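Structure first, then comments.
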Amino acid sequence: MHETDEKKQIETWLREVFSELGLLSNDTDPDFFEIGGSSLTAIKLIGKVDSTYGEYALPPVDLFERPKLSMIAETICANAANFQQSA
């Protein structure tokens, strides 16, 4: 799969997860914390990412430093690819 297609797929998945966590936004690139994300929802999000894309696909520090949906998707995409290469 092309990296851009994979990132778009992850962004779609993240929008669904954000909604499941009660984080709703009409913004095309919402900021996790600006739409109501907290440390508790961050833990839940990271757990969902780990179970779907592999452990350490979204390190907590990256979520706090790059909280926009597109940035989170980029991080997951890059780290998931690295995880698959090392497996």
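As shown in the structure tokens, the chain order sets the letters A, B, ...; within each chain, residues go from 1, and ligands are also counted from 1 in the order they appear.
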Problem - Near-Phe18 in chain A list (12 Å; only C-alpha atoms; drop same-chain fewer than 2 positions) as JSON, numbers by chain - result: {"A": [10, 11, 12, 13, 14, 15, 16, 20, 21, 22, 23, 24, 25, 26, 29, 30, 31, 32, 33, 35, 36, 37, 38, 41, 42, 44, 45, 46, 48, 49, 68, 69, 72]}
For the selection just defined, write its residues with N, CA and C atoms to a file, as a short mmCIF file (atom, residue, chain, number, x, y, z; two decimals), in the first residue's frame.
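Output contents, as saved in out-v6.cif:
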```
data_model
loop_
_atom_site.label_atom_id
_atom_site.label_comp_id
_atom_site.auth_asym_id
_atom_site.auth_seq_id
_atom_site.Cartn_x
_atom_site.Cartn_y
_atom_site.Cartn_z
N ILE A 10 -5.45 5.43 8.01
CA ILE A 10 -5.24 5.63 9.45
C ILE A 10 -6.03 6.85 9.93
N GLU A 11 -6.05 7.92 9.14
CA GLU A 11 -6.82 9.11 9.52
C GLU A 11 -8.30 8.78 9.66
N THR A 12 -8.83 7.99 8.73
CA THR A 12 -10.24 7.57 8.80
C THR A 12 -10.48 6.76 10.06
N TRP A 13 -9.58 5.83 10.35
CA TRP A 13 -9.69 5.01 11.55
C TRP A 13 -9.62 5.89 12.81
N LEU A 14 -8.70 6.85 12.82
CA LEU A 14 -8.57 7.75 13.97
C LEU A 14 -9.83 8.57 14.20
N ARG A 15 -10.48 9.03 13.13
CA ARG A 15 -11.72 9.77 13.29
C ARG A 15 -12.77 8.91 14.00
N GLU A 16 -12.83 7.63 13.63
CA GLU A 16 -13.76 6.71 14.28
C GLU A 16 -13.41 6.52 15.76
N GLU A 20 -15.51 7.38 19.13
CA GLU A 20 -15.76 6.39 20.19
C GLU A 20 -15.36 6.94 21.56
N LEU A 21 -14.32 7.76 21.58
CA LEU A 21 -13.83 8.34 22.83
C LEU A 21 -14.59 9.61 23.22
N GLY A 22 -15.58 9.97 22.42
CA GLY A 22 -16.38 11.16 22.72
C GLY A 22 -15.75 12.46 22.26
N LEU A 23 -14.76 12.36 21.39
CA LEU A 23 -14.07 13.55 20.88
C LEU A 23 -14.62 13.88 19.50
N LEU A 24 -15.55 14.80 19.46
CA LEU A 24 -16.23 15.13 18.22
C LEU A 24 -15.78 16.48 17.69
N SER A 25 -15.59 16.55 16.38
CA SER A 25 -15.17 17.80 15.76
C SER A 25 -15.56 17.79 14.29
N ASN A 26 -15.92 18.96 13.79
CA ASN A 26 -16.17 19.12 12.36
C ASN A 26 -14.90 19.56 11.63
N ASP A 29 -8.86 18.58 10.49
CA ASP A 29 -7.62 18.13 11.12
C ASP A 29 -7.64 18.55 12.60
N PRO A 30 -8.52 17.90 13.39
CA PRO A 30 -8.68 18.34 14.77
C PRO A 30 -7.44 18.06 15.63
N ASP A 31 -7.29 18.90 16.63
CA ASP A 31 -6.24 18.73 17.64
C ASP A 31 -6.84 17.91 18.78
N PHE A 32 -6.20 16.79 19.10
CA PHE A 32 -6.69 15.86 20.11
C PHE A 32 -7.08 16.57 21.40
N PHE A 33 -6.25 17.45 21.89
CA PHE A 33 -6.50 18.11 23.17
C PHE A 33 -7.50 19.25 23.06
N ILE A 35 -10.12 19.33 21.26
CA ILE A 35 -11.49 18.81 21.14
C ILE A 35 -11.89 17.99 22.37
N GLY A 36 -11.11 18.10 23.43
CA GLY A 36 -11.51 17.46 24.69
C GLY A 36 -10.66 16.30 25.14
N GLY A 37 -9.61 15.99 24.40
CA GLY A 37 -8.72 14.90 24.82
C GLY A 37 -8.03 15.23 26.13
N SER A 38 -7.85 14.22 26.95
CA SER A 38 -7.19 14.38 28.25
C SER A 38 -6.15 13.27 28.40
N THR A 41 -8.04 9.94 28.12
CA THR A 41 -8.39 9.55 26.75
C THR A 41 -7.13 9.28 25.92
N ALA A 42 -6.03 9.93 26.25
CA ALA A 42 -4.76 9.65 25.56
C ALA A 42 -4.34 8.20 25.81
N LYS A 44 -6.32 5.71 26.53
CA LYS A 44 -7.25 4.85 25.78
C LYS A 44 -6.90 4.83 24.30
N LEU A 45 -6.59 6.01 23.75
CA LEU A 45 -6.21 6.09 22.33
C LEU A 45 -4.95 5.28 22.06
N ILE A 46 -3.94 5.45 22.89
CA ILE A 46 -2.67 4.73 22.69
C ILE A 46 -2.90 3.22 22.78
N LYS A 48 -5.65 1.60 21.95
CA LYS A 48 -6.30 1.19 20.70
C LYS A 48 -5.29 1.15 19.55
N VAL A 49 -4.41 2.15 19.51
CA VAL A 49 -3.38 2.18 18.47
C VAL A 49 -2.46 0.98 18.61
N LYS A 68 -2.31 16.97 16.39
CA LYS A 68 -3.26 17.07 15.28
C LYS A 68 -3.49 15.68 14.68
N LEU A 69 -4.71 15.41 14.24
CA LEU A 69 -5.05 14.10 13.69
C LEU A 69 -4.08 13.69 12.58
N ILE A 72 -0.77 12.66 14.10
CA ILE A 72 -0.88 11.37 14.78
C ILE A 72 -0.84 10.25 13.74
#
```
Handout entry: Residues of range 38-76 of chain A in alpha helix (DSSP H), written as a VMD selection string
Key = chain A and resid 39 to 53 60 to 65 69 to 76
Exercise for the section: Tell me which protein, DNA and RNA residues are within 12 Å of Tyr53 in chain A, counting only C-alpha atoms, leaving out same-chain ones fewer than 5 positions away, and put them as a list in words. Expected result: Glu6, Ile10, Trp13, Leu14, Leu45, Ile46, Gly47, Lys48, Leu58, Ala73, Thr75, Ile76, Cys77, Ala78, Asn79, Ala80, Ala81, Asn82, Phe83 and Gln84 of chain A
